[in-house]
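Notes follow once the structure below has been shown.
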Amino acid sequence: MNRNPEIDDDTDQALERVFDAARAVENPAPDRLMLAILQDAQRVQPTPMSKPEPVRRGWFDGFNLGAVFAQWPAAAVLAACLGAGVFIGYAAPEEISPFTDSLTGAQASSGLDTDTYFSLDGLLSEG
Amino acid sequence: MWSGRFGGRTPLPILAKHVTRWAMPMPLDAMTDLTDNALLVRYANGDGVAAAVLTARLTPMVYRLAMRLLGNAADAEDVAQEAMLRLWRIAPDWRQDEAKPSTWLYRVATNLCTDRLRRRRSVPLEDIAEPADETPGIEHRMHSAVRAQALTKALETLPDRQREAVVLRHLEGLANPEIAEILAISVEAVESLIARGKRALAAQLLAQKDELGLEK
(Lines give C-alpha, C1' and ligand atoms only; values in the text may rest on other atoms or scores of the structure.)
Protein backbone atom coordinates (compact mmCIF):
# COMPACT_ATOMS: atom_id res chain seq x y z
CA MET A 1 0.00 0.00 0.00
CA ASN A 2 1.32 3.40 -0.92
CA ARG A 3 1.61 5.51 2.25
CA ASN A 4 3.72 8.15 0.59
CA PRO A 5 1.41 10.70 -1.06
CA GLU A 6 4.23 12.09 -3.15
CA ILE A 7 4.82 8.75 -4.84
CA ASP A 8 2.10 7.52 -7.16
CA ASP A 9 0.93 3.92 -7.12
CA ASP A 10 2.85 2.95 -10.25
CA THR A 11 6.10 4.24 -8.81
CA ASP A 12 5.37 2.56 -5.50
CA GLN A 13 4.76 -0.77 -7.25
CA ALA A 14 7.96 -0.39 -9.25
CA LEU A 15 9.88 0.21 -6.04
CA GLU A 16 8.25 -2.83 -4.47
CA ARG A 17 9.48 -4.96 -7.39
CA VAL A 18 13.01 -3.73 -6.78
CA PHE A 19 12.70 -4.42 -3.06
CA ASP A 20 11.37 -7.90 -3.84
CA ALA A 21 14.37 -8.57 -6.04
CA ALA A 22 16.76 -7.40 -3.32
CA ARG A 23 15.01 -9.48 -0.67
CA ALA A 24 15.29 -12.55 -2.88
CA VAL A 25 19.07 -12.32 -2.98
CA GLU A 26 20.37 -14.72 -0.37
CA ASN A 27 23.39 -13.65 1.59
CA PRO A 28 24.22 -16.64 3.75
CA ALA A 29 26.87 -16.00 6.33
CA PRO A 30 30.04 -17.94 5.46
CA ASP A 31 30.92 -20.86 7.72
CA ARG A 32 34.34 -19.40 8.43
CA LEU A 33 32.63 -16.27 9.78
CA MET A 34 30.36 -18.34 12.02
CA LEU A 35 33.34 -20.26 13.35
CA ALA A 36 35.36 -17.09 13.92
CA ILE A 37 32.45 -15.58 15.86
CA LEU A 38 32.10 -18.69 18.00
CA GLN A 39 35.82 -18.65 18.71
CA ASP A 40 35.50 -15.00 19.75
CA ALA A 41 32.69 -16.02 22.08
CA GLN A 42 34.88 -18.67 23.65
CA ARG A 43 37.83 -16.28 23.96
CA VAL A 44 35.96 -13.51 25.79
CA GLN A 45 33.47 -15.62 27.73
CA PRO A 46 33.28 -14.66 31.40
CA THR A 47 33.65 -17.50 33.90
CA PRO A 48 31.77 -16.42 37.00
CA MET A 49 31.13 -19.99 38.14
CA SER A 50 34.78 -20.95 38.40
CA LYS A 51 37.17 -18.63 40.21
CA PRO A 52 40.84 -19.14 39.40
CA GLU A 53 42.94 -20.87 42.03
CA PRO A 54 45.15 -18.43 43.98
CA VAL A 55 48.86 -18.75 43.39
CA ARG A 56 50.54 -20.65 46.22
CA ARG A 57 54.14 -19.87 47.05
CA GLY A 58 54.75 -22.25 49.98
CA TRP A 59 53.01 -24.84 52.09
CA PHE A 60 51.72 -22.28 54.58
CA ASP A 61 50.16 -20.09 51.86
CA GLY A 62 47.66 -22.82 51.15
CA PHE A 63 46.64 -23.13 54.80
CA ASN A 64 43.71 -20.87 55.37
CA LEU A 65 43.85 -19.73 58.98
CA GLY A 66 40.85 -17.52 58.48
CA ALA A 67 38.69 -20.52 57.62
CA VAL A 68 39.90 -22.48 60.65
CA PHE A 69 39.23 -19.69 63.15
CA ALA A 70 36.31 -18.16 61.41
CA GLN A 71 33.65 -19.20 63.92
CA TRP A 72 33.46 -18.14 67.56
CA PRO A 73 32.87 -21.61 69.11
CA ALA A 74 36.14 -22.80 67.67
CA ALA A 75 37.86 -19.75 69.11
CA ALA A 76 36.27 -20.34 72.55
CA VAL A 77 37.38 -23.97 72.66
CA LEU A 78 40.86 -22.95 71.63
CA ALA A 79 41.02 -20.34 74.41
CA ALA A 80 39.88 -22.90 77.03
CA CYS A 81 42.51 -25.41 75.88
CA LEU A 82 45.14 -22.72 75.99
CA GLY A 83 44.18 -21.76 79.56
CA ALA A 84 44.25 -25.41 80.69
CA GLY A 85 47.65 -25.89 79.09
CA VAL A 86 49.10 -22.92 80.93
CA PHE A 87 47.64 -24.13 84.24
CA ILE A 88 49.02 -27.65 83.83
CA GLY A 89 52.39 -26.30 82.82
CA TYR A 90 52.85 -24.01 85.79
CA ALA A 91 51.00 -25.78 88.61
CA ALA A 92 52.86 -28.16 90.98
CA PRO A 93 51.93 -31.91 90.78
CA GLU A 94 50.25 -31.92 94.22
CA GLU A 95 47.99 -29.17 93.03
CA ILE A 96 47.18 -31.07 89.89
CA SER A 97 46.24 -34.29 91.60
CA PRO A 98 43.27 -32.94 93.63
CA PHE A 99 42.19 -31.18 90.57
CA THR A 100 42.27 -34.26 88.35
CA ASP A 101 40.77 -36.42 91.13
CA SER A 102 37.89 -34.04 91.43
CA LEU A 103 37.34 -34.43 87.72
CA THR A 104 37.52 -38.23 87.74
CA GLY A 105 35.82 -38.79 91.11
CA ALA A 106 38.82 -40.64 92.63
CA GLN A 107 39.88 -40.36 96.32
CA ALA A 108 42.66 -37.95 97.04
CA SER A 109 45.84 -39.66 98.23
CA SER A 110 49.02 -38.31 99.67
CA GLY A 111 51.40 -40.68 97.88
CA LEU A 112 51.74 -43.12 95.08
CA ASP A 113 50.23 -46.55 95.44
CA THR A 114 53.19 -48.80 94.68
CA ASP A 115 51.00 -51.91 94.26
CA THR A 116 49.67 -50.55 91.10
CA TYR A 117 53.13 -50.40 89.53
CA PHE A 118 55.05 -53.25 88.01
CA SER A 119 58.35 -54.15 89.53
CA LEU A 120 61.15 -55.45 87.38
CA ASP A 121 62.45 -57.43 90.35
CA GLY A 122 59.18 -59.27 90.76
CA LEU A 123 59.16 -60.27 87.13
CA LEU A 124 62.70 -61.59 87.29
CA SER A 125 62.11 -63.56 90.51
CA GLU A 126 59.11 -65.47 89.20
CA GLY A 127 59.82 -68.30 87.22
CA MET B 1 15.42 -28.85 15.81
CA TRP B 2 18.18 -26.84 14.25
CA SER B 3 16.73 -26.44 10.79
CA GLY B 4 13.39 -25.12 11.99
CA ARG B 5 14.93 -22.33 13.99
CA PHE B 6 17.49 -21.05 11.52
CA GLY B 7 15.63 -20.13 8.39
CA GLY B 8 15.70 -23.51 6.76
CA ARG B 9 19.46 -23.67 6.48
CA THR B 10 21.09 -26.71 8.00
CA PRO B 11 22.74 -25.03 10.91
CA LEU B 12 26.38 -25.53 10.88
CA PRO B 13 27.62 -28.88 11.95
CA ILE B 14 30.96 -27.14 12.24
CA LEU B 15 29.61 -25.14 15.19
CA ALA B 16 28.26 -28.23 16.87
CA LYS B 17 31.60 -29.97 16.40
CA HIS B 18 33.45 -26.99 17.82
CA VAL B 19 31.19 -26.56 20.80
CA THR B 20 31.44 -30.21 21.86
CA ARG B 21 35.14 -29.58 22.42
CA TRP B 22 34.33 -26.51 24.48
CA ALA B 23 31.51 -27.01 26.95
CA MET B 24 28.37 -29.10 26.84
CA PRO B 25 26.29 -28.53 29.97
CA MET B 26 23.03 -28.86 28.04
CA PRO B 27 22.29 -30.65 24.75
CA LEU B 28 22.31 -28.42 21.67
CA ASP B 29 18.73 -29.16 20.67
CA ALA B 30 17.39 -28.38 24.14
CA MET B 31 18.64 -24.81 23.77
CA THR B 32 16.93 -23.93 20.53
CA ASP B 33 13.63 -23.11 22.23
CA LEU B 34 15.18 -20.58 24.61
CA THR B 35 14.87 -16.86 23.89
CA ASP B 36 17.89 -14.83 22.84
CA ASN B 37 17.81 -13.12 26.22
CA ALA B 38 17.90 -16.41 28.09
CA LEU B 39 20.72 -17.70 25.91
CA LEU B 40 22.75 -14.56 26.49
CA VAL B 41 22.38 -14.97 30.25
CA ARG B 42 23.46 -18.62 29.97
CA TYR B 43 26.47 -17.58 27.90
CA ALA B 44 27.42 -15.01 30.54
CA ASN B 45 27.26 -17.82 33.11
CA GLY B 46 29.79 -19.90 31.23
CA ASP B 47 27.59 -21.93 28.87
CA GLY B 48 29.35 -22.56 25.57
CA VAL B 49 26.38 -24.20 23.88
CA ALA B 50 24.33 -21.02 24.35
CA ALA B 51 27.02 -19.17 22.41
CA ALA B 52 26.76 -21.66 19.55
CA VAL B 53 22.99 -21.29 19.36
CA LEU B 54 23.18 -17.50 19.48
CA THR B 55 25.87 -17.51 16.81
CA ALA B 56 23.78 -19.66 14.51
CA ARG B 57 20.66 -17.61 15.19
CA LEU B 58 21.96 -14.04 15.07
CA THR B 59 24.99 -14.03 12.77
CA PRO B 60 23.03 -14.59 9.51
CA MET B 61 20.77 -11.68 10.41
CA VAL B 62 23.65 -9.29 11.16
CA TYR B 63 25.61 -10.39 8.11
CA ARG B 64 22.61 -9.98 5.82
CA LEU B 65 21.94 -6.47 7.12
CA ALA B 66 25.60 -5.52 6.68
CA MET B 67 25.58 -6.89 3.15
CA ARG B 68 22.52 -4.83 2.32
CA LEU B 69 23.95 -1.65 3.80
CA LEU B 70 27.51 -2.08 2.54
CA GLY B 71 27.17 -4.22 -0.56
CA ASN B 72 30.52 -5.82 0.09
CA ALA B 73 31.10 -9.28 1.55
CA ALA B 74 34.46 -8.61 3.20
CA ASP B 75 33.19 -5.48 4.95
CA ALA B 76 29.97 -7.25 5.93
CA GLU B 77 31.97 -10.06 7.54
CA ASP B 78 34.04 -7.57 9.51
CA VAL B 79 30.94 -5.75 10.71
CA ALA B 80 29.15 -8.96 11.66
CA GLN B 81 32.14 -10.25 13.60
CA GLU B 82 32.65 -6.94 15.40
CA ALA B 83 28.96 -6.61 16.28
CA MET B 84 28.84 -10.14 17.67
CA LEU B 85 32.06 -9.58 19.61
CA ARG B 86 30.44 -6.56 21.25
CA LEU B 87 27.46 -8.72 22.14
CA TRP B 88 29.71 -11.29 23.82
CA ARG B 89 31.48 -8.56 25.74
CA ILE B 90 28.30 -6.91 26.99
CA ALA B 91 26.74 -10.23 28.01
CA PRO B 92 27.75 -10.08 31.72
CA ASP B 93 26.11 -6.65 32.03
CA TRP B 94 23.12 -7.43 29.81
CA ARG B 95 19.84 -6.04 31.16
CA GLN B 96 17.02 -8.20 29.92
CA ASP B 97 14.35 -5.55 30.32
CA GLU B 98 16.06 -3.02 28.05
CA ALA B 99 16.06 -4.49 24.56
CA LYS B 100 16.09 -7.71 22.61
CA PRO B 101 19.58 -8.84 21.63
CA SER B 102 18.50 -8.80 17.98
CA THR B 103 17.37 -5.16 18.20
CA TRP B 104 20.57 -4.25 20.01
CA LEU B 105 22.60 -6.02 17.32
CA TYR B 106 20.73 -4.25 14.53
CA ARG B 107 21.62 -0.94 16.18
CA VAL B 108 25.30 -1.82 16.62
CA ALA B 109 25.62 -3.24 13.11
CA THR B 110 23.86 -0.23 11.60
CA ASN B 111 26.24 2.15 13.35
CA LEU B 112 29.26 0.09 12.30
CA CYS B 113 28.06 0.14 8.69
CA THR B 114 27.54 3.89 8.83
CA ASP B 115 31.09 4.36 10.10
CA ARG B 116 32.45 2.25 7.26
CA LEU B 117 30.42 4.06 4.65
CA ARG B 118 31.64 7.42 5.90
CA ARG B 119 35.23 6.24 5.64
CA ARG B 120 34.48 4.88 2.21
CA ARG B 121 33.02 8.15 0.90
CA SER B 122 36.42 9.23 -0.36
CA VAL B 123 36.36 6.26 -2.75
CA PRO B 124 34.33 6.85 -5.94
CA LEU B 125 31.22 4.70 -6.19
CA GLU B 126 32.47 3.18 -9.45
CA ASP B 127 35.45 1.70 -7.60
CA ILE B 128 33.29 -0.16 -5.11
CA ALA B 129 33.07 -3.82 -5.95
CA GLU B 130 29.78 -4.98 -7.36
CA PRO B 131 27.96 -7.51 -5.19
CA ALA B 132 28.64 -10.99 -6.42
CA ASP B 133 25.84 -12.53 -8.44
CA GLU B 134 25.28 -15.81 -6.63
CA THR B 135 22.01 -16.65 -8.31
CA PRO B 136 21.80 -19.27 -11.06
CA GLY B 137 22.01 -17.82 -14.54
CA ILE B 138 18.46 -18.08 -15.76
CA GLU B 139 16.96 -14.96 -17.27
CA HIS B 140 14.43 -14.16 -14.59
CA ARG B 141 16.94 -14.36 -11.82
CA MET B 142 19.42 -12.34 -13.82
CA HIS B 143 16.80 -9.66 -14.04
CA SER B 144 16.25 -9.76 -10.29
CA ALA B 145 19.97 -9.61 -9.68
CA VAL B 146 20.29 -6.51 -11.88
CA ARG B 147 17.49 -4.84 -9.91
CA ALA B 148 19.09 -5.80 -6.62
CA GLN B 149 22.43 -4.41 -7.73
CA ALA B 150 20.80 -1.20 -8.91
CA LEU B 151 19.11 -0.85 -5.55
CA THR B 152 22.41 -1.40 -3.73
CA LYS B 153 23.99 1.38 -5.78
CA ALA B 154 21.04 3.70 -5.28
CA LEU B 155 21.05 3.05 -1.53
CA GLU B 156 24.69 4.06 -1.42
CA THR B 157 23.76 7.57 -2.51
CA LEU B 158 21.16 8.12 0.21
CA PRO B 159 21.98 9.93 3.44
CA ASP B 160 22.90 7.45 6.17
CA ARG B 161 19.70 7.62 8.18
CA GLN B 162 17.44 7.36 5.13
CA ARG B 163 19.35 4.34 3.85
CA GLU B 164 19.20 2.62 7.24
CA ALA B 165 15.49 3.27 7.65
CA VAL B 166 14.65 2.04 4.15
CA VAL B 167 16.78 -1.12 4.50
CA LEU B 168 15.38 -1.97 7.90
CA ARG B 169 11.80 -1.39 6.75
CA HIS B 170 11.71 -2.72 3.21
CA LEU B 171 14.51 -5.31 3.15
CA GLU B 172 14.68 -6.54 6.74
CA GLY B 173 10.92 -6.21 7.16
CA LEU B 174 10.99 -4.58 10.59
CA ALA B 175 8.10 -2.54 11.97
CA ASN B 176 8.50 1.20 12.36
CA PRO B 177 8.53 1.14 16.20
CA GLU B 178 11.41 -1.32 16.20
CA ILE B 179 13.27 0.76 13.63
CA ALA B 180 12.69 3.78 15.85
CA GLU B 181 14.26 1.88 18.73
CA ILE B 182 17.23 0.81 16.62
CA LEU B 183 17.89 4.29 15.28
CA ALA B 184 16.99 5.95 18.60
CA ILE B 185 14.48 8.33 17.00
CA SER B 186 10.70 8.73 17.05
CA VAL B 187 8.33 6.68 14.91
CA GLU B 188 7.31 9.85 13.08
CA ALA B 189 10.94 10.53 12.24
CA VAL B 190 11.24 6.96 10.90
CA GLU B 191 8.21 7.47 8.67
CA SER B 192 9.68 10.71 7.38
CA LEU B 193 13.07 9.11 6.67
CA ILE B 194 11.46 6.24 4.80
CA ALA B 195 9.27 8.56 2.73
CA ARG B 196 12.19 10.75 1.72
CA GLY B 197 14.39 7.72 1.07
CA LYS B 198 11.80 6.14 -1.20
CA ARG B 199 11.36 9.34 -3.16
CA ALA B 200 15.11 9.54 -3.74
CA LEU B 201 15.28 5.87 -4.71
CA ALA B 202 12.36 6.23 -7.07
CA ALA B 203 14.04 9.17 -8.81
CA GLN B 204 17.19 7.13 -9.39
CA LEU B 205 15.71 3.76 -10.25
CA LEU B 206 12.99 5.00 -12.55
CA ALA B 207 15.64 6.80 -14.55
CA GLN B 208 16.83 3.34 -15.57
CA LYS B 209 13.45 1.63 -15.69
CA ASP B 210 14.09 0.16 -19.12
CA GLU B 211 17.27 -1.60 -18.04
CA LEU B 212 15.60 -2.79 -14.86
CA GLY B 213 12.42 -3.92 -16.56
CA LEU B 214 10.30 -1.58 -14.48
CA GLU B 215 8.16 -0.25 -17.30
CA LYS B 216 4.45 -0.89 -16.86
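Quick note on naming: the chains in the C-alpha coordinates go A, B, ... in the order shown, residues restart at 1 in each chain, and ligands are numbered from 1 in order of appearance.
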
Should the cut-off be 8 Å, what would the residue list for chain A against chain B look like, counting only C-alpha atoms, as a ChimeraX atom specification? /A:4,6-7,10-11,14-15,17-19,21-25,27-29,31,33-38,40-42,44-49

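Closest approach to Asn72 in chain B among B:Arg169, B:Arg116, B:Arg161, B:Arg57 is made by B:Arg116 (distances from only C-alpha atoms).
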
Straight-line distance linking CA of Gly71 in chain B with CA of Thr157 in chain B, stated in Å to one decimal: 12.4 Å
